[in-house]
file structure.txt (compact mmCIF, C-alpha atoms)
# COMPACT_ATOMS: atom_id res chain seq x y z
CA MET A 1 0.00 0.00 0.00
CA LEU A 2 2.71 2.46 1.01
CA ARG A 3 5.42 1.10 -1.23
CA ILE A 4 5.05 3.72 -3.92
CA PRO A 5 5.03 6.79 -1.67
CA SER A 6 7.93 5.49 0.43
CA ALA A 7 10.00 4.60 -2.63
CA PHE A 8 9.28 8.10 -3.83
CA ALA A 9 10.32 9.50 -0.45
CA ILE A 10 13.59 7.61 -0.50
CA ALA A 11 14.37 8.66 -4.06
CA THR A 12 13.69 12.27 -3.14
CA LEU A 13 15.75 11.98 0.03
CA LEU A 14 18.73 10.81 -2.01
CA SER A 15 18.33 13.64 -4.49
CA VAL A 16 18.06 16.40 -1.88
CA GLY A 17 20.63 14.87 0.47
CA THR A 18 23.55 16.36 -1.43
CA ALA A 19 22.15 19.90 -1.41
CA GLN A 20 21.68 20.02 2.38
CA ALA A 21 25.22 21.16 3.20
CA GLU A 22 24.96 24.75 1.90
CA ILE A 23 21.76 25.74 3.72
CA GLN A 24 21.93 29.06 5.51
CA THR A 25 20.84 29.09 9.17
CA VAL A 26 18.79 31.95 10.61
CA ASP A 27 18.30 32.24 14.38
CA LEU A 28 14.98 33.06 15.95
CA ALA A 29 14.25 33.23 19.68
CA ILE A 30 11.05 32.95 21.69
CA LYS A 31 11.13 34.94 24.91
CA ASP A 32 8.22 36.01 27.13
CA HIS A 33 5.89 34.51 24.50
CA ARG A 34 7.25 36.81 21.77
CA PHE A 35 9.44 36.12 18.77
CA GLN A 36 12.81 37.87 18.63
CA PRO A 37 13.15 39.26 16.05
CA GLU A 38 9.55 39.52 14.95
CA ALA A 39 10.58 39.98 11.32
CA VAL A 40 13.01 37.54 9.76
CA THR A 41 14.42 38.53 6.38
CA ILE A 42 15.63 35.75 4.11
CA PRO A 43 16.66 35.62 0.45
CA ALA A 44 13.81 34.69 -1.89
CA GLY A 45 14.16 31.47 -3.86
CA GLU A 46 16.42 29.81 -1.29
CA LYS A 47 15.81 27.10 1.26
CA ILE A 48 16.92 28.21 4.71
CA LYS A 49 17.03 26.66 8.13
CA LEU A 50 15.29 28.50 10.97
CA MET A 51 16.87 27.61 14.30
CA VAL A 52 14.16 28.49 16.81
CA HIS A 53 15.31 28.77 20.39
CA ASN A 54 12.45 28.71 22.90
CA GLN A 55 13.86 30.48 25.97
CA ASP A 56 10.57 30.32 27.87
CA ALA A 57 9.88 27.51 30.32
CA THR A 58 6.62 26.66 28.54
CA PRO A 59 6.23 24.90 25.17
CA GLU A 60 5.23 26.78 22.04
CA GLU A 61 3.86 25.65 18.70
CA PHE A 62 5.41 27.47 15.77
CA GLU A 63 2.69 27.65 13.17
CA SER A 64 2.31 29.31 9.80
CA TYR A 65 -0.55 28.74 7.40
CA GLU A 66 1.31 30.62 4.65
CA LEU A 67 4.51 28.64 5.08
CA ASN A 68 2.62 25.39 5.70
CA ARG A 69 4.55 24.71 8.88
CA GLU A 70 3.65 23.52 12.37
CA LYS A 71 6.09 22.39 14.99
CA ILE A 72 6.06 22.09 18.77
CA ILE A 73 9.09 23.50 20.55
CA PRO A 74 9.33 22.40 24.20
CA GLY A 75 10.33 24.91 26.86
CA ASN A 76 14.02 25.84 27.06
CA SER A 77 14.97 24.04 23.87
CA LYS A 78 15.72 24.47 20.20
CA ALA A 79 14.02 23.25 17.07
CA VAL A 80 14.88 23.26 13.39
CA ILE A 81 12.35 24.45 10.83
CA PHE A 82 13.18 24.46 7.13
CA VAL A 83 11.62 27.29 5.16
CA GLY A 84 11.48 28.00 1.43
CA PRO A 85 12.38 28.36 -1.32
CA LEU A 86 9.88 31.23 -1.21
CA ALA A 87 8.58 33.71 -3.74
CA PRO A 88 9.25 37.33 -2.64
CA GLY A 89 6.69 38.48 -0.09
CA GLU A 90 5.63 38.35 3.55
CA TYR A 91 4.72 35.15 5.32
CA PRO A 92 3.19 35.54 8.79
CA PHE A 93 3.79 32.97 11.51
CA PHE A 94 2.63 32.74 15.11
CA GLY A 95 2.95 30.78 18.30
CA GLU A 96 -0.28 28.84 18.58
CA PHE A 97 -0.05 28.49 22.35
CA ASN A 98 0.35 32.25 22.91
CA GLN A 99 -1.24 33.75 19.85
CA ASP A 100 -1.97 37.13 21.50
CA THR A 101 1.70 38.03 21.73
CA ALA A 102 3.67 35.52 19.68
CA GLN A 103 3.40 36.95 16.18
CA GLY A 104 6.08 37.23 13.54
CA ARG A 105 6.74 37.14 9.82
CA VAL A 106 9.26 35.89 7.33
CA ILE A 107 10.13 38.44 4.65
CA ALA A 108 11.52 36.91 1.48
CA GLU A 109 13.30 39.38 -0.81
CA MET B 1 -9.70 31.03 28.93
CA PHE B 2 -11.44 31.28 25.58
CA SER B 3 -8.25 30.97 23.52
CA THR B 4 -7.19 27.99 25.63
CA ALA B 5 -10.53 26.32 24.99
CA ILE B 6 -10.14 26.80 21.24
CA ILE B 7 -6.64 25.32 21.11
CA VAL B 8 -7.65 22.21 23.05
CA PHE B 9 -10.91 21.94 21.10
CA ARG B 10 -9.02 21.81 17.79
CA GLU B 11 -6.68 19.06 18.88
CA VAL B 12 -9.42 17.01 20.54
CA LEU B 13 -11.76 17.42 17.57
CA GLU B 14 -9.35 15.70 15.16
CA ALA B 15 -9.05 12.62 17.34
CA ALA B 16 -12.76 12.67 18.29
CA LEU B 17 -13.80 12.62 14.63
CA VAL B 18 -11.61 9.61 13.88
CA VAL B 19 -13.10 7.83 16.91
CA ALA B 20 -16.63 8.77 15.78
CA VAL B 21 -16.10 7.33 12.29
CA VAL B 22 -14.51 4.16 13.65
CA LEU B 23 -17.32 3.67 16.18
CA ALA B 24 -19.89 4.07 13.42
CA ALA B 25 -17.94 1.64 11.22
CA THR B 26 -18.12 -1.01 13.94
CA GLN B 27 -21.72 -0.37 14.91
CA GLY B 28 -23.49 -3.48 16.18
CA LEU B 29 -20.38 -5.58 16.67
CA THR B 30 -19.97 -7.25 20.03
CA GLY B 31 -16.79 -6.40 21.87
CA ARG B 32 -16.11 -3.31 19.81
CA ASN B 33 -16.40 -0.96 22.80
CA ARG B 34 -13.65 -2.84 24.59
CA TRP B 35 -11.38 -2.64 21.55
CA ILE B 36 -12.01 1.01 20.78
CA LEU B 37 -11.75 2.03 24.43
CA GLY B 38 -8.51 0.05 24.60
CA GLY B 39 -7.28 2.01 21.57
CA ILE B 40 -8.23 5.33 23.17
CA ALA B 41 -6.65 4.39 26.52
CA SER B 42 -3.40 3.29 24.83
CA GLY B 43 -3.43 6.52 22.86
CA VAL B 44 -3.80 8.61 26.02
CA LEU B 45 -1.03 6.70 27.83
CA GLY B 46 1.15 6.94 24.72
CA SER B 47 0.59 10.68 24.48
CA LEU B 48 1.90 11.13 28.03
CA VAL B 49 5.04 9.22 27.06
CA VAL B 50 5.45 11.11 23.78
CA ALA B 51 4.92 14.46 25.52
CA SER B 52 7.68 13.67 28.00
CA LEU B 53 10.01 12.69 25.13
CA THR B 54 9.21 15.67 22.90
CA GLN B 55 12.67 17.12 23.17
CA GLN B 56 14.41 13.86 22.27
CA ILE B 57 12.00 13.14 19.40
CA SER B 58 12.34 16.69 18.10
CA MET B 59 16.14 16.64 17.98
CA ALA B 60 16.38 13.14 16.46
CA PHE B 61 17.21 12.87 12.73
CA GLU B 62 19.09 16.18 12.72
CA GLY B 63 16.21 18.20 14.15
CA VAL B 64 13.39 16.83 12.03
CA GLY B 65 12.42 13.92 14.30
CA GLN B 66 9.05 15.45 15.18
CA GLU B 67 8.07 15.73 11.52
CA LEU B 68 9.18 12.17 10.78
CA PHE B 69 7.41 10.89 13.88
CA ASN B 70 4.16 12.56 12.82
CA ALA B 71 4.51 11.26 9.27
CA ALA B 72 5.21 7.72 10.52
CA ILE B 73 2.18 7.76 12.82
CA LEU B 74 -0.06 9.05 10.05
CA LEU B 75 1.19 6.55 7.48
CA THR B 76 0.78 3.66 9.93
CA ALA B 77 -2.79 4.77 10.59
CA VAL B 78 -3.35 4.93 6.81
CA ALA B 79 -2.16 1.32 6.51
CA MET B 80 -4.50 0.20 9.31
CA LEU B 81 -7.51 1.96 7.79
CA ALA B 82 -6.64 0.58 4.34
CA TRP B 83 -6.40 -2.93 5.68
CA HIS B 84 -9.76 -2.62 7.43
CA ASN B 85 -11.49 -1.39 4.27
CA ILE B 86 -9.96 -4.11 2.11
CA TRP B 87 -11.01 -6.75 4.61
CA MET B 88 -14.49 -5.25 4.87
CA SER B 89 -15.13 -5.26 1.13
CA ARG B 90 -14.66 -9.02 1.19
CA HIS B 91 -16.90 -9.63 4.18
CA ALA B 92 -19.32 -6.70 4.37
CA ARG B 93 -22.24 -8.48 2.70
CA GLN B 94 -21.97 -11.44 5.06
CA LEU B 95 -21.69 -9.12 8.03
CA VAL B 96 -24.75 -7.11 7.07
CA ALA B 97 -26.76 -10.28 6.43
CA HIS B 98 -25.64 -11.63 9.78
CA LEU B 99 -26.45 -8.39 11.60
CA ARG B 100 -29.95 -8.39 10.09
CA GLN B 101 -30.63 -11.99 11.01
CA VAL B 102 -29.34 -12.25 14.53
CA GLY B 103 -28.87 -8.65 15.60
CA SER B 104 -25.62 -7.64 17.24
CA ASN B 105 -24.04 -11.02 17.38
CA VAL B 106 -21.01 -10.58 15.20
CA THR B 107 -17.95 -11.14 17.36
CA SER B 108 -14.74 -9.22 17.01
CA GLY B 109 -13.21 -12.50 15.82
CA GLN B 110 -15.29 -12.16 12.68
CA LEU B 111 -14.19 -8.58 12.17
CA PRO B 112 -10.53 -7.97 12.92
CA ILE B 113 -11.25 -4.81 14.84
CA TYR B 114 -7.67 -4.33 16.04
CA PHE B 115 -6.76 -2.51 12.82
CA LEU B 116 -9.29 0.17 13.65
CA ALA B 117 -8.39 0.13 17.35
CA THR B 118 -4.76 0.79 16.38
CA ALA B 119 -5.78 3.63 14.06
CA VAL B 120 -7.79 5.17 16.92
CA GLY B 121 -4.87 4.80 19.31
CA LEU B 122 -2.53 6.54 16.86
CA ALA B 123 -4.94 9.42 16.26
CA VAL B 124 -5.37 9.94 20.00
CA LEU B 125 -1.61 9.68 20.53
CA ARG B 126 -0.81 12.35 17.94
CA GLU B 127 -3.34 14.92 19.07
CA GLY B 128 -3.19 13.94 22.74
CA SER B 129 0.53 14.59 23.10
CA GLU B 130 -0.01 18.18 21.92
CA VAL B 131 -2.82 18.67 24.43
CA VAL B 132 -0.64 17.25 27.22
CA LEU B 133 2.26 19.57 26.36
CA PHE B 134 -0.01 22.56 26.11
CA THR B 135 -1.79 21.97 29.41
CA GLU B 136 1.50 21.22 31.16
CA GLY B 137 2.68 24.62 30.00
CA LEU B 138 -0.50 26.19 31.38
CA ALA B 139 -0.20 24.42 34.71
CA ALA B 140 3.37 25.73 35.04
CA GLY B 141 1.85 29.21 35.27
CA GLY B 142 0.72 28.59 38.87
CA SER B 143 -2.57 29.85 40.32
CA ASP B 144 -3.11 32.37 37.47
CA SER B 145 -3.53 29.45 35.18
CA LEU B 146 -6.69 28.06 36.79
CA PRO B 147 -9.13 29.80 34.40
CA MET B 148 -7.00 28.61 31.51
CA LEU B 149 -7.15 25.05 32.74
CA TRP B 150 -10.92 25.42 32.88
CA GLY B 151 -10.72 26.60 29.30
CA ALA B 152 -8.81 23.45 28.39
CA LEU B 153 -11.53 21.36 30.02
CA ILE B 154 -14.26 23.23 28.11
CA GLY B 155 -12.32 22.69 24.87
CA LEU B 156 -12.03 18.99 25.64
CA GLY B 157 -15.76 18.76 26.33
CA ALA B 158 -16.73 20.68 23.19
CA GLY B 159 -14.50 18.46 21.02
CA LEU B 160 -16.04 15.31 22.48
CA VAL B 161 -19.58 16.65 22.04
CA LEU B 162 -18.99 17.44 18.37
CA GLY B 163 -17.47 14.00 17.85
CA ALA B 164 -20.51 12.44 19.53
CA LEU B 165 -22.88 14.44 17.30
CA ILE B 166 -21.12 13.16 14.19
CA TYR B 167 -21.29 9.61 15.54
CA PHE B 168 -25.01 9.77 16.32
CA GLY B 169 -25.62 11.30 12.91
CA LEU B 170 -23.78 8.45 11.23
CA VAL B 171 -25.50 5.62 13.10
CA ARG B 172 -28.91 6.84 11.98
CA ILE B 173 -27.97 5.47 8.58
CA PRO B 174 -29.72 2.10 8.04
CA THR B 175 -27.53 -0.99 8.55
CA GLY B 176 -27.50 -1.86 4.85
CA HIS B 177 -25.91 1.45 3.91
CA LEU B 178 -23.95 2.21 7.06
CA PHE B 179 -20.91 0.13 6.12
CA THR B 180 -20.89 1.64 2.63
CA VAL B 181 -20.89 5.16 4.05
CA THR B 182 -18.29 4.43 6.72
CA GLY B 183 -16.19 2.59 4.11
CA TRP B 184 -16.12 5.74 1.98
CA LEU B 185 -15.41 7.92 5.01
CA ILE B 186 -12.51 5.71 6.10
CA LEU B 187 -11.15 5.77 2.54
CA LEU B 188 -11.21 9.59 2.43
CA LEU B 189 -9.93 9.86 6.01
CA ALA B 190 -6.96 7.66 5.08
CA ALA B 191 -6.25 9.66 1.91
CA GLY B 192 -6.32 12.89 3.94
CA MET B 193 -3.91 11.43 6.50
CA ALA B 194 -1.53 10.44 3.69
CA ALA B 195 -1.63 14.03 2.37
CA SER B 196 -0.88 15.37 5.87
CA ALA B 197 2.00 12.90 6.17
CA ALA B 198 3.38 14.26 2.88
CA GLY B 199 3.21 17.74 4.42
CA PHE B 200 5.33 16.63 7.38
CA LEU B 201 7.81 14.87 5.07
CA ALA B 202 8.16 18.10 3.08
CA GLN B 203 8.62 20.06 6.30
CA ALA B 204 11.37 17.59 7.26
CA GLY B 205 13.03 18.15 3.90
CA TRP B 206 12.49 14.51 2.91
CA LEU B 207 10.20 15.62 0.11
CA PRO B 208 10.79 18.72 -2.00
CA MET B 209 9.32 22.04 -0.85
CA GLN B 210 6.59 23.18 -3.19
CA HIS B 211 4.34 26.16 -3.62
CA PRO B 212 0.69 25.37 -2.94
CA LEU B 213 -1.39 24.44 -5.98
CA TRP B 214 -4.17 26.74 -4.86
CA ASN B 215 -5.27 28.82 -1.89
CA SER B 216 -8.91 28.40 -0.92
CA SER B 217 -8.46 29.72 2.63
CA GLU B 218 -10.67 32.72 1.82
CA LEU B 219 -13.43 30.41 0.69
CA LEU B 220 -13.12 27.88 3.50
CA SER B 221 -10.28 28.18 5.99
CA GLN B 222 -8.87 24.84 7.08
CA HIS B 223 -8.64 26.32 10.55
CA SER B 224 -12.32 27.18 10.90
CA VAL B 225 -14.51 24.56 12.57
CA PRO B 226 -16.23 23.42 9.33
CA GLY B 227 -12.84 23.46 7.58
CA GLU B 228 -11.31 21.40 10.34
CA ILE B 229 -14.13 18.85 10.24
CA LEU B 230 -13.77 18.51 6.47
CA HIS B 231 -10.00 18.32 6.88
CA VAL B 232 -10.31 15.26 9.10
CA LEU B 233 -13.23 13.56 7.38
CA VAL B 234 -12.33 14.03 3.71
CA GLY B 235 -8.79 15.45 3.87
CA TYR B 236 -9.65 19.03 2.89
CA GLN B 237 -6.63 21.35 2.75
CA ASP B 238 -6.81 25.01 1.81
CA ARG B 239 -3.22 25.21 0.51
CA PRO B 240 -2.21 21.75 -0.75
CA THR B 241 0.97 21.13 -2.72
CA ALA B 242 1.16 18.91 -5.82
CA ILE B 243 2.90 16.22 -3.78
CA GLN B 244 0.18 16.29 -1.12
CA LEU B 245 -2.50 16.01 -3.78
CA SER B 246 -0.69 13.08 -5.39
CA PHE B 247 -0.34 11.34 -2.01
CA TYR B 248 -4.07 11.87 -1.52
CA LEU B 249 -5.05 10.51 -4.92
CA THR B 250 -2.52 7.64 -4.86
CA THR B 251 -3.80 6.46 -1.47
CA LEU B 252 -7.39 6.78 -2.64
CA VAL B 253 -6.77 4.77 -5.81
CA LEU B 254 -4.62 2.10 -4.14
CA ILE B 255 -7.11 1.42 -1.34
CA ALA B 256 -10.08 1.49 -3.74
CA PHE B 257 -8.23 -0.94 -6.03
CA GLY B 258 -7.44 -3.22 -3.08
CA MET B 259 -11.11 -3.11 -2.07
CA HIS B 260 -12.14 -3.95 -5.62
CA LEU B 261 -9.82 -6.98 -5.81
CA SER B 262 -10.90 -8.13 -2.39
CA ARG B 263 -14.59 -7.80 -3.26
CA GLN B 264 -14.12 -10.01 -6.32
CA ARG B 265 -12.77 -12.73 -4.10
CA ALA B 266 -15.66 -12.38 -1.65
CA PRO B 267 -17.31 -15.65 -0.73
CA ALA B 268 -20.85 -16.05 -2.10
CA LEU B 269 -23.71 -15.37 0.27
CA GLY B 270 -25.72 -18.17 1.80
CA ARG B 271 -22.88 -20.65 1.64

call {"tool": "encode", "arguments": {"input": "structure.txt", "output": "structure tokens"}}
result
Amino acid sequence: MLRIPSAFAIATLLSVGTAQAEIQTVDLAIKDHRFQPEAVTIPAGEKIKLMVHNQDATPEEFESYELNREKIIPGNSKAVIFVGPLAPGEYPFFGEFNQDTAQGRVIAE
Amino acid sequence: MFSTAIIVFREVLEAALVVAVVLAATQGLTGRNRWILGGIASGVLGSLVVASLTQQISMAFEGVGQELFNAAILLTAVAMLAWHNIWMSRHARQLVAHLRQVGSNVTSGQLPIYFLATAVGLAVLREGSEVVLFTEGLAAGGSDSLPMLWGALIGLGAGLVLGALIYFGLVRIPTGHLFTVTGWLILLLAAGMAASAAGFLAQAGWLPMQHPLWNSSELLSQHSVPGEILHVLVGYQDRPTAIQLSFYLTTLVLIAFGMHLSRQRAPALGR
């Protein structure tokens, strides 16, 4: 049943595996239920690695409808989120567990 | 309190809908409550374990462990649902005939219910671990967090009520058609899970990143309550990528084909 998708996944893994080395890392912190910085500028058309460091004691869920991303980041820990390649523009994201304050955006240019 | 309720409601709703469909699909079968409850209980226990291991899971596989874990859970659930449907297409007619003749006397031995129980457990595990993490975070806030914990409880209750409504709606369908309807629902549910799994694999970088094929979030947001219900039941996504759509369609076609083959080998009635 799953043979075709998983074969596809493995083939894709092999093809992207070589490109992984040159990915640029961008740091993003969560502190007092806010993102720091709240605007992250990245080059358009490139895949980048967001290193999100949750400095609060409580967990947060990084979520973005526009970027199609959702990931839980436990308190006092880091998580990796790959973003892009993106067309130029603004892509809002938020912390689902503290949506009132945790708001940010990725700017691709 | 309100925002807390909504967050918990969303997570609970996804699992509650899967449970509702599975309960409807096993309507009238003796022993099914024990199996499904067992699945739910294992899922709840598992979510406590997963929540406590979040950090380790997250940092595994070079930081994409959480995505791979989610994808693996979803794809395993897809396999379980697929297997159930394929088995059912071979035996559904007998089951319905049996149910009509002797009422609820089909034992779980005649319907291998553990596939569905496992699927339920996995759905509860995935959503439950998020709820556990979230409420743990709330509880860490001390006495200020009491209204928020109430909110979590309200969200839990609302999710269960909506799941129950869907279940009672489904079981009003007459026995002869019920298995057909739940068969279709399980097929679409599985296809939707496969598409979500593809999303997590893309997020992990195991599948290529793609721009969405369309954006229908203005028309029906996936994060509204109706959007969320459709997302679980038929796999609706407001911004799907081409890979997600192909996972959806491939799963749909493969399970339907398996059901077709299995139906052809169905034993004749009244043997």

call {"tool": "residues_around", "arguments": {"input": "structure.txt", "residues": "stretch 247-260 of chain B", "least_positions_apart": "4", "cutoff": "7 Å", "atoms": "all atoms listed in the file", "output": "JSON, numbers by chain"}}
result
{"A": [1], "B": [82, 85, 86, 89, 187, 188, 191, 192, 194, 195, 198, 243, 264]}

call {"tool": "residues_around", "arguments": {"input": "structure.txt", "residues": "A:Glu109", "least_positions_apart": "5", "cutoff": "6 Å", "atoms": "only C-alpha atoms", "output": "count of residues only"}}
result
3

call {"tool": "residues_around", "arguments": {"input": "structure.txt", "residues": "B:Leu125", "least_positions_apart": "2", "cutoff": "8 Å", "atoms": "only C-alpha atoms", "output": "list in words"}}
result
Ser42, Gly43, Val44, Leu45, Gly46, Ser47, Val50, Gly121, Leu122, Ala123, Glu127, Gly128 and Ser129 of chain B

call {"tool": "residues_around", "arguments": {"input": "structure.txt", "residues": "A:Phe94", "least_positions_apart": "4", "cutoff": "12 Å", "atoms": "all atoms listed in the file", "output": "list in words"}}
result
Ile30, His33, Arg34, Phe35, Gln36, Glu38, Ala39, Glu60, Glu61, Phe62, Glu63, Ser64, Tyr65, Glu66, Leu67, Asn68, Arg69, Glu70, Lys71, Ile72, Asn98, Gln99, Asp100, Thr101, Ala102, Gln103, Gly104, Arg105 and Val106 of chain A

call {"tool": "interface_residues", "arguments": {"input": "structure.txt", "of": "chain B", "to": "chain A", "cutoff": "6 Å", "atoms": "only C-alpha atoms", "output": "list in words"}}
result
Gly63, Gly137, Trp206 and Leu207 of chain B

call {"tool": "residues_around", "arguments": {"input": "structure.txt", "residues": "B:Ile36", "least_positions_apart": "4", "cutoff": "10 Å", "atoms": "all atoms listed in the file", "output": "number ranges by chain"}}
result
B: 19, 22-23, 26, 31-32, 40-42, 113-114, 116-121

call {"tool": "write_last_selection", "arguments": {"input": "structure.txt", "atoms": "C-alpha atoms", "output": "compact mmCIF listing (two decimals), in the frame of the given file"}}
result
# COMPACT_ATOMS: atom_id res chain seq x y z
CA VAL B 19 -13.10 7.83 16.91
CA VAL B 22 -14.51 4.16 13.65
CA LEU B 23 -17.32 3.67 16.18
CA THR B 26 -18.12 -1.01 13.94
CA GLY B 31 -16.79 -6.40 21.87
CA ARG B 32 -16.11 -3.31 19.81
CA ILE B 40 -8.23 5.33 23.17
CA ALA B 41 -6.65 4.39 26.52
CA SER B 42 -3.40 3.29 24.83
CA ILE B 113 -11.25 -4.81 14.84
CA TYR B 114 -7.67 -4.33 16.04
CA LEU B 116 -9.29 0.17 13.65
CA ALA B 117 -8.39 0.13 17.35
CA THR B 118 -4.76 0.79 16.38
CA ALA B 119 -5.78 3.63 14.06
CA VAL B 120 -7.79 5.17 16.92
CA GLY B 121 -4.87 4.80 19.31

call {"tool": "atom_distance", "arguments": {"input": "structure.txt", "atom1": "atom CA of B:Leu213", "atom2": "atom CA of B:Glu14"}}
result
24.2 Å
